[in-house]
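The structure under discussion appears below in the form of structure tokens.
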Amino acid sequence: MATIKDVALKAGVSMATVSKYLNGGNVRQAHKEKIRSAIEELQYRVNPFARGLKAQRSPYIGVLLPEIDVPFYGNVVSALEKVLREDGFHCIMSSYSSDHGLERDHLQFLLSSGIEGLVYIPEHLTAEEFYELTSRYRIPTVLVDRMIQGVDADCVLVNNAEAVQEAMERLIKKGHKRIAFVAGPQPMFTAKERMVGYFRSLSDHGILYDEALLVNQPTTFATGYQSAQKFMNLPNPPTAIVATNYDMTLGLISGLRDMELHIPEDVQVFGFDSIELRTVLRTPLPIVHQPEEEIGKTAAKYLLDRLRGFAGEGRITRLNCTVYPKADA
């Protein structure tokens, strides 16, 4: 069986670099590709928990998510863990840093680690890749926040398009016509659904779409910050901006502040995720809040159902978001 040392030698990097890669740390792209190639060629598999666990029910549930430090994911996992602990399970968490190769590798790691079930927030994997990696394990899986088209699994989602439409309706009713939109990359499931809400609102109110008012970039602080610069330096800047996750909202606010622009006097911002963001500004920020605790509890319930023998088709649950303030002042 290949070891980390074998992978490091094959890839021409240090063992520390391989370890950092496997644990989701920052590794240069060139090194990532060499390590990934070495892992595939050597068929390297990390399996620290499997010894002896399958003689009885494993107490471990794998949790695979894009980022470990995003408040939305943390709150979902906290609620998930609370329910699973009551049934005697412990979570093994792994973050793939929104990297396609790491997503594959960390999914394989969790599957081979003796887990009894998997809660998974996917980003890049296709149905073909998912089944290629999971078919031999037959582990119950619940997808959270995003679906993989073509995968028959339980899914816990929110009404993304409807939530964005409600935010847009609030802005349009207040007279805003030039509304910019900061979304994730177009292939991302949630980004696509949230853009549907944006485009539908523009169409419903006869507002012409302006491509200069749309950003599709990684869901990061930097994307929000750079969007502020891009939008507000346009010859005809927007009067309102909708950001569709916590990091992008925070980056957007910071970017506007550095431009010495005031919210909402110079431009209105509508945020996404994390109620705490409402208190950042003198005037409370309007925000779309996802039902994080309910998402986590529902995912745990679906997984426990499967572990207790439920064998029906995949269930898809869509939960409603709450738009704050709940009523316009």
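Residue names in the structure tokens use chain letters A, B, ... in the order shown, residue numbers from 1 in each chain, and ligand numbers from 1 in the order shown.
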How close does each residue of stretch 106-126 of chain A get to stretch 188-202 of chain A, giving the shortest atom pair and distance in Å to one decimal for every residue with an atom at most 10 Å away, counting only C-alpha atoms, sorted by chain and residue number, as CSV?
residue,atom,partner,partner_atom,distance
A:Pro122,CA,A:Phe189,CA,9.0
A:Glu123,CA,A:Met188,CA,6.3
A:His124,CA,A:Met188,CA,7.6
Using C-alpha atoms, can you export the residues from the last selection as a compact mmCIF listing (two decimals), in the first residue's frame?
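Wrote it out as selection_25.txt, contents follow:
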# COMPACT_ATOMS: atom_id res chain seq x y z
CA PRO A 122 -21.13 19.53 -3.57
CA GLU A 123 -19.70 22.07 -5.98
CA HIS A 124 -17.90 20.59 -8.98
DSSP strand (DSSP E or B) selection over stretch 247-295 of chain A, as a list in words: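 Selection result, strand (DSSP E or B) within stretch 247-295 of chain A: Gln268, Val269, Phe270, Gly271, Phe272, Ile287, Val288 and His289 of chain A.
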Who sits within 7 Å of A:Asp247, only C-alpha atoms, same chain under 4 positions skipped, as JSON, numbers by chain: {"A": [219, 220, 221, 251]}
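Excluding A:Thr3 and any residue on its chain fewer than 4 positions from it, the residues at most 12 Å away by only C-alpha atoms are Val7, Ala8, Leu9, Lys10, Met15, Val18, Ser19, Ala38, Ile39, Leu42, Gln43, Tyr44, Arg45, Val46 and Asn47 of chain A.
As for atom CA of A:Pro59 and atom CA of A:Phe89, they are spaced 4.7 Å apart.
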Straight-line distance linking atom CA of A:Asn75 with atom CA of A:Pro185, stated in Å to one decimal: 23.1 Å
Got a sec: who's within 10 Å of A:Val242, counting only C-alpha atoms, leaving out chain neighbours fewer than 3 positions off, as a PDB file with C-alpha atoms, in the first residue's frame?
ATOM      1  CA  VAL A 164     -33.870  36.680  -4.381  1.00  0.00           C
ATOM      2  CA  ALA A 167     -35.283  40.960  -2.048  1.00  0.00           C
ATOM      3  CA  MET A 168     -35.603  42.432  -5.538  1.00  0.00           C
ATOM      4  CA  LEU A 171     -35.813  47.246  -3.795  1.00  0.00           C
ATOM      5  CA  ILE A 179     -29.877  46.946  -9.356  1.00  0.00           C
ATOM      6  CA  ALA A 180     -26.539  45.163  -9.522  1.00  0.00           C
ATOM      7  CA  PHE A 181     -26.183  41.481  -8.617  1.00  0.00           C
ATOM      8  CA  VAL A 182     -23.170  39.651  -7.175  1.00  0.00           C
ATOM      9  CA  ALA A 183     -23.495  35.889  -7.705  1.00  0.00           C
ATOM     10  CA  TYR A 198     -32.811  38.161 -10.376  1.00  0.00           C
ATOM     11  CA  LEU A 214     -23.871  41.234 -13.014  1.00  0.00           C
ATOM     12  CA  ASN A 245     -23.585  35.054   0.288  1.00  0.00           C
ATOM     13  CA  MET A 248     -19.429  38.592  -0.792  1.00  0.00           C
ATOM     14  CA  THR A 249     -21.746  40.802   1.276  1.00  0.00           C
ATOM     15  CA  LEU A 252     -19.068  44.544  -0.822  1.00  0.00           C
ATOM     16  CA  GLN A 268     -28.491  50.390  -0.994  1.00  0.00           C
ATOM     17  CA  VAL A 269     -27.035  46.950  -0.249  1.00  0.00           C
ATOM     18  CA  PHE A 270     -29.094  43.784   0.188  1.00  0.00           C
ATOM     19  CA  GLY A 271     -27.082  41.007   1.843  1.00  0.00           C
ATOM     20  CA  PHE A 272     -27.290  37.240   2.202  1.00  0.00           C
ATOM     21  CA  PRO A 286     -31.723  44.260   4.713  1.00  0.00           C
ATOM     22  CA  ILE A 287     -30.747  40.630   4.359  1.00  0.00           C
ATOM     23  CA  VAL A 288     -31.872  37.206   3.112  1.00  0.00           C
TER      24      VAL A 288
END
Minimum-distance residue to A:Ala243, chosen among A:Val215, A:Leu64, A:Leu102, A:Met259 (using only C-alpha atoms):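 Ranked by minimum distance to A:Ala243, first place goes to A:Val215.
Taking only C-alpha atoms into account, A:Ser14 lies nearest to A:Ile35 out of the set A:Ala300, A:Val144, A:Ala2, A:Ile35.
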Polymer residues at most 12 Å from A:Gly74, only C-alpha atoms, same-chain spacing of 3 or more positions, as a count of residues only: 22
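Considering only C-alpha atoms, the residue among A:Asn233, A:Ser135, A:Thr126, A:Gln165 positioned nearest to A:Gln149 is A:Thr126.
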Alpha helix (DSSP H) call set, DSSP backbone run, stretch 83-298 of chain A, as an NGL selection string: :A and (83-86 or 100-111 or 127-134 or 160-173 or 189-204 or 221-232 or 246-258 or 292-298)
